[in-house]
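Asker: Dropping in protein.txt, with compact mmCIF, C-alpha atoms.
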```
# COMPACT_ATOMS: atom_id res chain seq x y z
CA MET P 332 -64.83 200.52 -151.66
CA LYS P 333 -66.03 202.94 -154.28
CA GLY P 334 -63.10 205.28 -153.76
CA ALA P 335 -60.64 202.53 -154.65
CA LYS P 336 -62.58 201.70 -157.79
CA LEU P 337 -62.58 205.33 -158.78
CA GLN P 338 -58.82 205.56 -158.36
CA LYS P 339 -58.34 202.57 -160.65
CA VAL P 340 -60.50 204.15 -163.33
CA ALA P 341 -58.59 207.39 -162.99
CA LYS P 342 -55.23 205.58 -163.28
CA ASP P 343 -56.28 203.80 -166.46
CA ALA P 344 -57.62 206.95 -168.06
CA PRO P 345 -55.35 209.45 -169.78
CA ARG P 346 -54.37 212.12 -167.24
CA GLY P 347 -55.82 215.46 -168.21
CA TRP P 348 -56.45 218.57 -166.16
CA PRO P 349 -59.89 217.39 -165.00
CA GLU P 350 -58.32 214.31 -163.34
CA GLU P 351 -55.56 216.41 -161.81
CA VAL P 352 -58.04 218.95 -160.46
CA HIS P 353 -60.30 216.22 -159.10
CA ARG P 354 -57.34 214.66 -157.30
CA LEU P 355 -56.46 218.06 -155.80
CA LEU P 356 -60.03 218.59 -154.63
CA ARG P 357 -59.93 215.18 -152.95
CA GLU P 358 -56.61 215.92 -151.29
CA HIS P 359 -58.03 219.17 -149.91
CA ALA P 360 -61.15 217.44 -148.52
CA ILE P 361 -63.58 219.32 -150.77
CA ARG P 362 -67.00 217.90 -149.90
CA GLN P 363 -69.62 220.08 -151.58
CA VAL P 364 -69.36 220.56 -155.34
CA ALA P 365 -71.83 223.21 -156.49
CA ILE P 366 -72.42 223.27 -160.23
CA VAL P 367 -74.15 224.93 -163.08
CA PRO P 368 -72.89 222.68 -165.87
CA ASP P 369 -70.61 223.75 -168.67
CA ALA P 370 -69.19 221.61 -171.45
CA GLY P 371 -65.71 222.59 -170.26
CA HIS P 372 -66.45 221.12 -166.83
CA ALA P 373 -68.23 217.97 -168.05
CA GLN P 374 -65.39 215.57 -167.25
CA LEU P 375 -64.64 217.08 -163.83
CA ILE P 376 -68.34 216.93 -162.95
CA ARG P 377 -68.45 213.23 -163.88
CA LEU P 378 -65.42 212.55 -161.66
CA CYS P 379 -67.00 214.39 -158.74
CA GLU P 380 -70.33 212.60 -159.21
CA ALA P 381 -68.53 209.25 -159.08
CA ASP P 382 -66.68 210.23 -155.89
CA THR P 383 -68.52 209.14 -152.74
CA ALA P 384 -66.59 211.67 -150.64
CA MET P 385 -68.17 214.52 -152.60
CA ARG P 386 -71.74 215.72 -152.92
CA VAL P 387 -72.68 217.42 -156.18
CA VAL P 388 -75.28 220.16 -155.64
CA ARG P 389 -77.10 221.20 -158.81
CA LEU P 390 -77.87 224.90 -158.78
CA THR P 391 -80.41 226.69 -160.93
CA SER P 392 -78.32 229.88 -160.85
CA GLU P 393 -74.71 230.42 -159.86
CA GLU P 394 -75.23 232.81 -156.92
CA GLN P 395 -76.90 229.96 -155.06
CA GLY P 396 -73.51 228.29 -154.94
CA VAL P 397 -71.90 231.30 -153.27
CA ALA P 398 -74.49 231.15 -150.47
CA LEU P 399 -74.38 227.33 -150.28
CA LEU P 400 -70.63 227.27 -149.76
CA ALA P 401 -70.80 230.00 -147.10
CA GLY P 402 -73.19 227.71 -145.22
CA ALA P 403 -70.92 224.73 -145.81
CA TRP P 404 -68.01 226.63 -144.26
CA LEU P 405 -70.14 227.64 -141.27
CA GLY P 406 -70.77 223.92 -140.81
CA GLY P 407 -67.11 222.96 -141.16
CA GLU P 408 -67.03 221.73 -144.76
CA LYS P 409 -65.13 222.97 -147.79
CA GLY P 410 -66.59 223.22 -151.28
CA VAL P 411 -65.98 224.37 -154.82
CA LEU P 412 -68.19 226.22 -157.30
CA LEU P 413 -68.02 225.18 -160.96
CA MET P 414 -69.51 227.44 -163.61
CA GLN P 415 -69.15 229.01 -167.03
CA SER P 416 -68.12 232.66 -167.33
CA SER P 417 -71.69 233.66 -168.20
CA GLY P 418 -72.56 232.74 -164.60
CA VAL P 419 -70.11 235.19 -163.08
CA GLY P 420 -72.54 238.07 -163.44
CA ASN P 421 -75.20 236.15 -161.54
CA CYS P 422 -72.91 235.93 -158.50
CA ILE P 423 -72.07 239.56 -157.96
CA ASN P 424 -74.27 240.71 -155.05
CA MET P 425 -74.00 237.34 -153.31
CA LEU P 426 -70.23 237.81 -153.19
CA SER P 427 -70.97 240.41 -150.48
CA LEU P 428 -71.01 237.37 -148.18
CA ASN P 429 -67.34 236.71 -148.85
CA ALA P 430 -66.32 240.36 -148.72
CA SER P 431 -68.25 241.02 -145.49
CA CYS P 432 -67.60 237.79 -143.59
CA SER P 433 -64.26 236.56 -145.00
CA PHE P 434 -65.83 233.33 -146.17
CA PRO P 435 -63.37 231.33 -148.27
CA LEU P 436 -64.60 230.47 -151.77
CA LEU P 437 -63.03 228.63 -154.68
CA MET P 438 -64.67 229.25 -158.06
CA LEU P 439 -63.51 227.36 -161.16
CA VAL P 440 -64.78 229.28 -164.16
CA THR P 441 -64.56 227.89 -167.69
CA MET P 442 -64.32 230.77 -170.12
CA ARG P 443 -66.56 231.65 -173.02
CA GLY P 444 -66.23 234.74 -175.15
CA ASP P 445 -62.53 234.49 -174.69
CA HIS P 446 -60.49 232.83 -177.44
CA GLY P 447 -62.10 232.07 -180.80
CA GLU P 448 -65.67 232.31 -179.50
CA PHE P 449 -68.34 231.64 -182.15
CA ASN P 450 -71.34 233.03 -180.23
CA PRO P 451 -71.19 236.83 -180.02
CA TRP P 452 -73.63 236.86 -177.07
CA GLN P 453 -71.02 235.13 -174.90
CA ILE P 454 -68.43 237.83 -175.43
CA PRO P 455 -69.72 240.63 -173.14
CA MET P 456 -69.84 238.60 -169.91
CA GLY P 457 -66.75 236.58 -170.82
CA GLN P 458 -64.70 239.73 -171.37
CA ALA P 459 -66.07 241.38 -168.21
CA SER P 460 -65.63 238.38 -165.90
CA GLN P 461 -62.23 239.21 -164.46
CA GLU P 462 -63.04 242.87 -163.91
CA VAL P 463 -66.38 242.34 -162.17
CA LEU P 464 -64.97 239.58 -159.94
CA GLU P 465 -62.11 241.84 -158.93
CA ALA P 466 -64.56 244.68 -158.30
CA MET P 467 -66.17 242.46 -155.64
CA GLY P 468 -62.85 241.62 -154.00
CA VAL P 469 -62.34 238.21 -155.60
CA ILE P 470 -58.74 237.23 -156.38
CA VAL P 471 -58.57 236.16 -160.03
CA MET P 472 -56.03 233.70 -161.43
CA ARG P 473 -55.89 232.52 -165.03
CA ALA P 474 -54.89 229.23 -166.62
CA ASP P 475 -54.42 229.36 -170.38
CA THR P 476 -52.70 226.03 -171.04
CA PRO P 477 -53.75 222.55 -169.86
CA ALA P 478 -50.50 222.23 -167.90
CA GLU P 479 -51.25 225.43 -165.94
CA VAL P 480 -54.70 224.39 -164.72
CA ALA P 481 -53.82 222.06 -161.84
CA VAL P 482 -50.95 224.17 -160.55
CA THR P 483 -53.17 227.25 -160.60
CA VAL P 484 -55.99 225.42 -158.80
CA ARG P 485 -53.49 224.24 -156.19
CA GLY P 486 -52.46 227.82 -155.55
CA ALA P 487 -56.08 228.98 -155.46
CA LEU P 488 -56.99 226.29 -152.89
CA GLY P 489 -54.28 227.59 -150.60
CA LEU P 490 -55.26 231.23 -151.02
CA ALA P 491 -58.95 230.52 -150.49
CA PHE P 492 -58.88 228.20 -147.50
CA ASN P 493 -55.72 229.33 -145.74
CA GLY P 494 -56.31 232.99 -146.49
CA GLN P 495 -60.12 233.06 -146.07
CA ARG P 496 -60.56 234.74 -149.42
CA ALA P 497 -62.74 234.33 -152.48
CA VAL P 498 -60.59 233.12 -155.37
CA ALA P 499 -61.61 232.45 -158.97
CA VAL P 500 -59.58 230.42 -161.46
CA LEU P 501 -60.51 231.36 -165.02
CA ILE P 502 -59.79 228.41 -167.30
CA GLY P 503 -59.25 229.97 -170.70
CA GLN P 504 -60.94 228.98 -173.93
CA LYS P 505 -57.47 228.19 -175.29
CA VAL P 506 -57.53 225.19 -172.94
CA LEU P 507 -61.12 224.22 -173.72
CA GLY P 508 -61.41 225.03 -177.43
CA ALA P 509 -64.17 226.96 -179.13
CA LYS P 510 -66.70 225.13 -181.25
CA ASP P 511 -68.08 226.40 -184.54
CA PHE P 512 -71.84 226.03 -184.14
CA ARG P 513 -72.26 225.86 -187.92
CA GLU P 514 -70.60 222.44 -187.92
CA LEU P 515 -73.38 221.24 -185.62
CA THR P 516 -76.14 222.23 -188.00
CA HIS P 517 -75.46 219.11 -190.08
CA SER P 518 -75.02 216.57 -187.31
CA VAL P 519 -76.21 215.91 -183.79
CA PRO P 520 -73.55 216.76 -181.16
CA GLU P 521 -72.29 213.86 -179.07
CA MET N 755 -107.94 235.17 -145.11
CA LYS N 756 -106.76 237.97 -142.86
CA ALA N 757 -103.49 237.21 -141.06
CA VAL N 758 -103.74 236.99 -137.28
CA LEU N 759 -100.28 235.77 -136.25
CA HIS N 760 -97.62 238.22 -135.11
CA ARG N 761 -94.16 237.47 -136.47
CA ARG N 762 -92.25 237.93 -133.21
CA GLU N 763 -94.63 235.58 -131.38
CA VAL N 764 -94.16 232.96 -134.08
CA VAL N 765 -90.37 233.24 -133.94
CA ASN N 766 -90.34 233.24 -130.14
CA ALA N 767 -92.42 230.07 -130.17
CA LEU N 768 -90.02 228.42 -132.64
CA LEU N 769 -86.81 229.46 -130.86
CA LYS N 770 -87.84 228.99 -127.21
CA ASP N 771 -85.58 226.37 -125.60
CA ARG N 772 -83.88 225.88 -128.96
CA GLY N 773 -81.28 223.43 -127.72
CA ASP N 774 -78.62 222.82 -130.36
CA LEU N 775 -80.74 224.12 -133.26
CA LEU N 776 -78.72 226.00 -135.92
CA VAL N 777 -80.49 229.12 -137.21
CA VAL N 778 -80.01 231.25 -140.32
CA ALA N 779 -82.11 234.39 -140.84
CA GLY N 780 -82.71 236.30 -144.05
CA LEU N 781 -81.97 240.00 -144.09
CA GLY N 782 -84.34 242.55 -142.62
CA SER N 783 -87.26 241.73 -140.36
CA ALA N 784 -86.42 238.03 -140.01
CA ALA N 785 -82.96 238.95 -138.69
CA TRP N 786 -84.51 241.39 -136.19
CA ASP N 787 -87.07 238.72 -135.18
CA ILE N 788 -84.52 236.03 -134.32
CA THR N 789 -82.51 238.60 -132.39
CA ALA N 790 -85.59 239.72 -130.46
CA ALA N 791 -86.00 236.08 -129.44
CA GLY N 792 -82.48 236.15 -127.97
CA ASP N 793 -79.15 236.51 -129.78
CA SER N 794 -77.10 233.32 -129.98
CA ALA N 795 -73.70 232.32 -131.33
CA LEU N 796 -75.54 229.56 -133.21
CA SER N 797 -77.61 232.13 -135.13
CA PHE N 798 -76.37 233.55 -138.41
CA PRO N 799 -78.41 236.67 -139.25
CA LEU N 800 -77.81 238.04 -142.73
CA TRP N 801 -77.42 241.78 -143.31
CA GLY N 802 -77.35 241.44 -147.09
CA ALA N 803 -77.02 238.66 -149.69
CA MET N 804 -80.76 238.85 -150.39
CA GLY N 805 -82.09 235.59 -151.80
CA GLY N 806 -79.30 233.55 -150.24
CA ALA N 807 -80.70 232.51 -146.85
CA ALA N 808 -82.23 229.19 -147.94
CA MET N 809 -79.10 228.11 -149.84
CA LEU N 810 -76.87 229.07 -146.93
CA GLY N 811 -79.10 226.86 -144.81
CA LEU N 812 -78.68 224.02 -147.30
CA GLY N 813 -74.89 224.19 -147.22
CA LEU N 814 -74.99 224.15 -143.43
CA ALA N 815 -77.50 221.29 -143.28
CA LEU N 816 -75.41 219.16 -145.66
CA ALA N 817 -72.26 219.86 -143.63
CA GLN N 818 -74.03 219.06 -140.32
CA PRO N 819 -76.41 216.18 -141.05
CA ARG N 820 -76.87 215.37 -137.36
CA ARG N 821 -78.04 218.87 -136.45
CA ARG N 822 -81.39 220.49 -137.16
CA VAL N 823 -81.08 223.63 -139.30
CA LEU N 824 -83.80 226.28 -139.39
CA VAL N 825 -83.89 229.10 -141.93
CA VAL N 826 -86.21 231.97 -140.97
CA THR N 827 -86.82 234.46 -143.72
CA GLY N 828 -89.37 236.80 -145.26
CA ASP N 829 -91.50 236.46 -148.37
CA GLY N 830 -89.50 239.08 -150.28
CA GLU N 831 -86.19 237.39 -149.50
CA MET N 832 -87.55 233.97 -150.50
CA LEU N 833 -89.04 235.37 -153.70
CA MET N 834 -85.59 236.62 -154.73
CA GLY N 835 -84.19 233.09 -154.39
CA LEU N 836 -87.04 230.98 -155.76
CA GLY N 837 -84.67 228.80 -157.79
CA SER N 838 -83.17 227.58 -154.54
CA LEU N 839 -86.40 225.67 -153.87
CA ALA N 840 -85.45 223.42 -156.79
CA ALA N 841 -81.81 223.14 -155.70
CA ILE N 842 -82.81 222.23 -152.12
CA ALA N 843 -85.59 219.80 -153.02
CA ALA N 844 -83.22 217.89 -155.31
CA GLN N 845 -80.83 217.32 -152.36
CA ARG N 846 -83.57 216.07 -149.97
CA PRO N 847 -81.88 217.23 -146.74
CA ARG N 848 -83.86 215.69 -143.85
CA ASN N 849 -82.52 218.17 -141.32
CA LEU N 850 -83.44 221.45 -143.06
CA ALA N 851 -86.55 223.52 -142.36
CA ILE N 852 -87.34 226.77 -144.16
CA VAL N 853 -89.90 229.03 -142.51
CA VAL N 854 -91.12 232.01 -144.49
CA LEU N 855 -92.81 234.73 -142.46
CA ASP N 856 -95.18 236.02 -145.12
CA ASN N 857 -96.54 239.51 -144.45
CA GLU N 858 -96.99 240.14 -148.18
CA ARG N 859 -94.74 243.19 -147.86
CA TYR N 860 -91.17 244.41 -148.43
CA GLY N 861 -90.87 245.58 -144.84
CA GLU N 862 -87.58 247.47 -144.86
CA THR N 863 -88.27 249.59 -147.91
CA GLY N 864 -91.70 251.06 -147.19
CA MET N 865 -94.05 248.08 -146.90
CA GLN N 866 -94.59 247.74 -150.65
CA ALA N 867 -96.69 244.73 -151.65
CA THR N 868 -94.83 241.56 -152.66
CA HIS N 869 -96.06 238.99 -155.14
CA THR N 870 -97.73 236.94 -152.40
CA ALA N 871 -100.14 239.88 -151.96
CA HIS N 872 -101.10 239.27 -155.58
CA GLY N 873 -101.84 235.57 -155.39
CA VAL N 874 -98.42 233.96 -155.78
CA ASP N 875 -98.45 230.76 -153.71
CA LEU N 876 -95.05 230.17 -152.12
CA ALA N 877 -96.10 226.98 -150.34
CA GLY N 878 -97.51 225.70 -153.63
CA MET N 879 -94.15 226.39 -155.28
CA ALA N 880 -92.33 224.39 -152.58
CA LYS N 881 -94.85 221.58 -152.99
CA ALA N 882 -94.33 221.59 -156.75
CA ALA N 883 -90.56 221.50 -156.20
CA ASP N 884 -91.23 218.27 -154.25
CA PHE N 885 -90.35 219.37 -150.71
CA ALA N 886 -91.13 216.39 -148.47
CA GLN N 887 -93.17 218.47 -146.02
CA VAL N 888 -95.06 221.65 -146.81
CA LEU N 889 -97.11 223.51 -144.22
CA ARG N 890 -99.35 226.55 -144.50
CA VAL N 891 -99.67 228.15 -141.11
CA GLY N 892 -102.29 230.73 -140.21
CA GLY N 893 -103.05 230.17 -136.52
CA LYS N 894 -101.56 229.15 -133.19
CA PRO N 895 -102.25 225.39 -133.56
CA GLY N 896 -100.32 225.51 -136.83
CA VAL N 897 -97.37 227.18 -135.08
CA ALA N 898 -97.28 224.40 -132.46
CA GLN N 899 -97.34 221.76 -135.20
CA LEU N 900 -94.60 223.58 -137.09
CA ARG N 901 -92.43 223.72 -133.97
CA SER N 902 -92.73 219.97 -133.42
CA ARG N 903 -91.76 219.31 -137.06
CA VAL N 904 -88.78 221.69 -136.92
CA TYR N 905 -87.36 219.83 -133.92
CA ALA N 906 -88.34 216.31 -135.10
CA LYS N 907 -85.28 214.08 -134.89
CA GLY N 908 -84.45 211.01 -136.90
CA LYS N 909 -87.09 209.57 -139.14
CA ALA N 910 -88.87 212.75 -140.24
CA ALA N 911 -88.85 213.33 -143.97
CA GLY N 912 -87.24 216.49 -145.22
CA PRO N 913 -86.82 219.14 -146.31
CA LEU N 914 -89.64 221.10 -144.71
CA PHE N 915 -91.09 224.33 -146.05
CA ALA N 916 -93.56 226.41 -144.08
CA GLN N 917 -95.34 229.56 -145.17
CA VAL N 918 -96.58 231.40 -142.11
CA LYS N 919 -99.05 234.19 -142.78
CA VAL N 920 -98.27 237.07 -140.42
CA VAL N 921 -99.72 240.52 -139.80
CA ALA N 922 -98.03 243.32 -141.77
CA GLU N 923 -96.71 245.44 -138.90
CA LYS N 924 -93.77 247.76 -138.36
CA LEU N 925 -91.91 246.79 -135.21
CA PRO N 926 -88.92 248.29 -133.43
CA LEU N 927 -85.72 246.90 -134.91
CA VAL N 928 -83.71 244.56 -132.68
CA LEU N 929 -80.26 244.54 -134.23
CA PRO N 930 -77.85 241.60 -134.11
CA PRO N 931 -74.09 242.20 -134.36
CA ARG N 932 -73.37 243.35 -137.91
CA GLU N 933 -69.70 242.58 -138.41
CA GLY N 934 -69.78 239.57 -140.70
CA THR N 935 -66.46 238.01 -139.81
CA TYR N 936 -67.43 238.13 -136.13
CA LEU N 937 -70.77 236.46 -136.86
CA LYS N 938 -69.01 233.76 -138.86
CA ASN N 939 -66.29 233.10 -136.29
CA ARG N 940 -68.57 232.99 -133.26
CA PHE N 941 -70.83 230.53 -135.09
CA ARG N 942 -67.95 228.25 -136.09
CA ILE N 943 -66.39 228.33 -132.64
CA ALA N 944 -69.73 227.53 -130.97
CA LEU N 945 -70.40 224.69 -133.42
CA LEU N 946 -66.95 223.28 -134.18
CA GLY N 947 -64.81 224.35 -131.24
CA VAL N 948 -62.18 227.03 -130.82
CA SER N 949 -59.81 225.29 -133.23
CA ALA N 950 -62.20 226.29 -136.05
CA ALA N 951 -61.00 229.87 -135.69
CA GLN N 952 -57.37 228.78 -135.94
CA ASP N 953 -57.65 226.49 -138.99
```
Let me see the file written as structure tokens.
Answerer:
Amino acid sequence: MKGAKLQKVAKDAPRGWPEEVHRLLREHAIRQVAIVPDAGHAQLIRLCEADTAMRVVRLTSEEQGVALLAGAWLGGEKGVLLMQSSGVGNCINMLSLNASCSFPLLMLVTMRGDHGEFNPWQIPMGQASQEVLEAMGVIVMRADTPAEVAVTVRGALGLAFNGQRAVAVLIGQKVLGAKDFRELTHSVPE
Amino acid sequence: MKAVLHRREVVNALLKDRGDLLVVAGLGSAAWDITAAGDSALSFPLWGAMGGAAMLGLGLALAQPRRRVLVVTGDGEMLMGLGSLAAIAAQRPRNLAIVVLDNERYGETGMQATHTAHGVDLAGMAKAADFAQVLRVGGKPGVAQLRSRVYAKGKAAGPLFAQVKVVAEKLPLVLPPREGTYLKNRFRIALLGVSAAQD
């Protein structure tokens, strides 16, 4: 069984927040994983792709995930939306679905423009993310250390699916690290 | 080619004796059309969230692989969510059909021309995204063929995209319930049982 194999891999690997979050998503029967990739989510995305109980849905823009997961809930399935903070702005009008219909939604947002950001163009949306989410009625929780991520996601899962609310967990750049793009001008990134 | 089909007749033909078909409608005329055909707990008419109808249909189709899911929407609503054609095609849901009623107009805002009035080919975009079935419908035989594909069980390839050219006409609005939480709960109870409202 693929699930068993996956568990073995996870046990052998060092336990970081992506493994802990993946295990939580499994425990909460999350089936649809909607993504616009971010480097900060790369490991969690790999874990979800390897998990036969989950279906990874590649979006071309983040608001598609808000609508997708409303449909999933109508059909009796739970999901999660993974994105970078630059995608928060793309979601705003679509979040009317959650505000108008009380659709639950769990968004895991890896932050840019937050802590040591190199790229100035990431700063406006990163800094505005919490405020614009809250303006649309989304409950915002932050995790700024690796140890806080899983416990915050656990709380967000409860709020979202027991409380029928949209909840975003912002995973801070302190957790993820900021890269200096100048270092990449002399070598190819891995 | 001048459109001859009337949108309400097309939708009536698609939804007559709909059985256990699950229906999502994009905001505006498409929502009024499915309601004119007969309101149902297994219909989810959108009152906003423009550009989201097709993706909402995808989430539903993936969650309910044994049920047929039909999204009825307009050309303006589909144009706002064009990227979802790529997201849907990549998932290959066999049970999802998207029907765009294309009157080449933004109907709710004063009948301004959409991009399809200026040569943009929605069906061609779905084809290029690699939808398994793409239909262009302009007459009654096409509507009958579309209906049989929407209800095809089992082996049919999916997803299906149909662009139905319809007459640009202003019709009396037929309003579905507009309280979103009610629409959501009645749908889930009808589909999943009364326990779905207590989970």
Asker: Take atom CA of Pro455 of chain P and atom CA of Pro368 of chain P and report the distance between them in Å, one decimal.
Answerer: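 Rounded to one decimal, the two atoms are 19.6 Å apart.
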Asker: So, counting all atoms listed in the file, which residue among P:Gly402, P:Pro349, P:Gly494, P:Gly503 is closest to Asp445 of chain P?
Answerer: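 Checking each candidate against Asp445 of chain P, we get P:Gly503 as the closest.
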Asker: Up to 9 Å from chain P, what residues of chain N turn up? Count all atoms listed in the file and give them as a tab-separated table (two decimals) with C-alpha atoms, keeping the file's coordinate frame.
Answerer:
```
chain	number	residue	atom	x	y	z
N	800	LEU	CA	-77.81	238.04	-142.73
N	802	GLY	CA	-77.35	241.44	-147.09
N	803	ALA	CA	-77.02	238.66	-149.69
N	804	MET	CA	-80.76	238.85	-150.39
N	805	GLY	CA	-82.09	235.59	-151.80
N	806	GLY	CA	-79.30	233.55	-150.24
N	807	ALA	CA	-80.70	232.51	-146.85
N	808	ALA	CA	-82.23	229.19	-147.94
N	809	MET	CA	-79.10	228.11	-149.84
N	810	LEU	CA	-76.87	229.07	-146.93
N	811	GLY	CA	-79.10	226.86	-144.81
N	812	LEU	CA	-78.68	224.02	-147.30
N	813	GLY	CA	-74.89	224.19	-147.22
N	814	LEU	CA	-74.99	224.15	-143.43
N	815	ALA	CA	-77.50	221.29	-143.28
N	816	LEU	CA	-75.41	219.16	-145.66
N	817	ALA	CA	-72.26	219.86	-143.63
N	818	GLN	CA	-74.03	219.06	-140.32
N	835	GLY	CA	-84.19	233.09	-154.39
N	837	GLY	CA	-84.67	228.80	-157.79
N	838	SER	CA	-83.17	227.58	-154.54
N	840	ALA	CA	-85.45	223.42	-156.79
N	841	ALA	CA	-81.81	223.14	-155.70
N	842	ILE	CA	-82.81	222.23	-152.12
N	844	ALA	CA	-83.22	217.89	-155.31
N	845	GLN	CA	-80.83	217.32	-152.36
N	933	GLU	CA	-69.70	242.58	-138.41
N	934	GLY	CA	-69.78	239.57	-140.70
N	935	THR	CA	-66.46	238.01	-139.81
N	936	TYR	CA	-67.43	238.13	-136.13
N	937	LEU	CA	-70.77	236.46	-136.86
N	938	LYS	CA	-69.01	233.76	-138.86
N	939	ASN	CA	-66.29	233.10	-136.29
N	941	PHE	CA	-70.83	230.53	-135.09
N	942	ARG	CA	-67.95	228.25	-136.09
N	945	LEU	CA	-70.40	224.69	-133.42
N	946	LEU	CA	-66.95	223.28	-134.18
N	950	ALA	CA	-62.20	226.29	-136.05
N	953	ASP	CA	-57.65	226.49	-138.99
```
Asker: I'd like to know which of P:Leu488, P:Ala474, P:Ile361, P:Cys422 is closest to Met442 of chain P, using only C-alpha atoms.
Answerer: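 Residue with the minimum atom-to-atom distance to Met442 of chain P: P:Ala474.
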Asker: Separation of atom CA of Pro926 of chain N and atom CA of Val778 of chain N, in Å?
Answerer: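 Between these atoms lies a distance of 20.4 Å.
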Asker: Residues within 12 Å of Ala910 of chain N, please, as a compact mmCIF listing (two decimals) with C-alpha atoms, in the frame of the given file. Count only C-alpha atoms; anything in the same chain fewer than 2 positions from it doesn't count.
Answerer:
```txt
# COMPACT_ATOMS: atom_id res chain seq x y z
CA ARG N 822 -81.39 220.49 -137.16
CA ARG N 846 -83.57 216.07 -149.97
CA PRO N 847 -81.88 217.23 -146.74
CA ARG N 848 -83.86 215.69 -143.85
CA ASN N 849 -82.52 218.17 -141.32
CA LEU N 850 -83.44 221.45 -143.06
CA ALA N 851 -86.55 223.52 -142.36
CA ALA N 886 -91.13 216.39 -148.47
CA GLN N 887 -93.17 218.47 -146.02
CA SER N 902 -92.73 219.97 -133.42
CA ARG N 903 -91.76 219.31 -137.06
CA VAL N 904 -88.78 221.69 -136.92
CA TYR N 905 -87.36 219.83 -133.92
CA ALA N 906 -88.34 216.31 -135.10
CA LYS N 907 -85.28 214.08 -134.89
CA GLY N 908 -84.45 211.01 -136.90
CA GLY N 912 -87.24 216.49 -145.22
CA PRO N 913 -86.82 219.14 -146.31
CA LEU N 914 -89.64 221.10 -144.71
```
Asker: Find the residue from P:Ile454, P:Met467, P:Thr383, P:Ile502 that sits nearest to Val484 of chain P; use only C-alpha atoms when measuring.
Answerer: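 Checking each of P:Ile454, P:Met467, P:Thr383, P:Ile502 against Val484 of chain P, counting only C-alpha atoms, the winner is P:Ile502.
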Asker: Fewer than 5 positions away in the same chain doesn't count, so skip those; otherwise give me all residues within 12 Å of His446 of chain P, counting only C-alpha atoms, as a count of residues only.
Answerer: 16
Asker: Pick out the residues sitting within 9 Å of Trp801 of chain N, and hand them over as a ChimeraX atom specification; count only C-alpha atoms, and ignore anything fewer than 6 positions along from it in its own chain.
Answerer: /N:780-782,785,932,934
Asker: Pick out the residues sitting within 8 Å of segment 899-901 of chain N, and hand them over as a CSV table (one decimal) with C-alpha atoms, keeping the file's coordinate frame; count all atoms listed in the file, and ignore anything fewer than 3 positions along from it in its own chain.
Answerer:
```csv
chain,number,residue,atom,x,y,z
N,767,ALA,CA,-92.4,230.1,-130.2
N,768,LEU,CA,-90.0,228.4,-132.6
N,889,LEU,CA,-97.1,223.5,-144.2
N,891,VAL,CA,-99.7,228.2,-141.1
N,895,PRO,CA,-102.2,225.4,-133.6
N,896,GLY,CA,-100.3,225.5,-136.8
N,904,VAL,CA,-88.8,221.7,-136.9
N,905,TYR,CA,-87.4,219.8,-133.9
N,916,ALA,CA,-93.6,226.4,-144.1
```
Asker: Env of Ala790 of chain N: 12 Å cut, atoms = all atoms listed in the file, seq-sep filter 4 positions within chain, self excluded. Answer as a PDB file with C-alpha atoms, in the coordinates of the input.
Answerer:
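Saved to part_11.pdb:
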```pdb
ATOM      1  CA  ARG N 761     -94.160 237.470-136.470  1.00  0.00           C
ATOM      2  CA  ARG N 762     -92.250 237.930-133.210  1.00  0.00           C
ATOM      3  CA  GLU N 763     -94.630 235.580-131.380  1.00  0.00           C
ATOM      4  CA  VAL N 764     -94.160 232.960-134.080  1.00  0.00           C
ATOM      5  CA  VAL N 765     -90.370 233.240-133.940  1.00  0.00           C
ATOM      6  CA  ASN N 766     -90.340 233.240-130.140  1.00  0.00           C
ATOM      7  CA  ALA N 767     -92.420 230.070-130.170  1.00  0.00           C
ATOM      8  CA  LEU N 769     -86.810 229.460-130.860  1.00  0.00           C
ATOM      9  CA  LYS N 770     -87.840 228.990-127.210  1.00  0.00           C
ATOM     10  CA  SER N 783     -87.260 241.730-140.360  1.00  0.00           C
ATOM     11  CA  ALA N 784     -86.420 238.030-140.010  1.00  0.00           C
ATOM     12  CA  ALA N 785     -82.960 238.950-138.690  1.00  0.00           C
ATOM     13  CA  TRP N 786     -84.510 241.390-136.190  1.00  0.00           C
ATOM     14  CA  SER N 794     -77.100 233.320-129.980  1.00  0.00           C
ATOM     15  CA  SER N 797     -77.610 232.130-135.130  1.00  0.00           C
ATOM     16  CA  PRO N 799     -78.410 236.670-139.250  1.00  0.00           C
ATOM     17  CA  LEU N 925     -91.910 246.790-135.210  1.00  0.00           C
ATOM     18  CA  PRO N 926     -88.920 248.290-133.430  1.00  0.00           C
ATOM     19  CA  LEU N 927     -85.720 246.900-134.910  1.00  0.00           C
ATOM     20  CA  VAL N 928     -83.710 244.560-132.680  1.00  0.00           C
ATOM     21  CA  LEU N 929     -80.260 244.540-134.230  1.00  0.00           C
ATOM     22  CA  PRO N 930     -77.850 241.600-134.110  1.00  0.00           C
TER      23      PRO N 930
END
```
Asker: Separation of atom CA of Val920 of chain N and atom CA of Val758 of chain N, in Å?
Answerer: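 Result for atom CA of Val920 of chain N versus atom CA of Val758 of chain N: 6.3 Å, one decimal.
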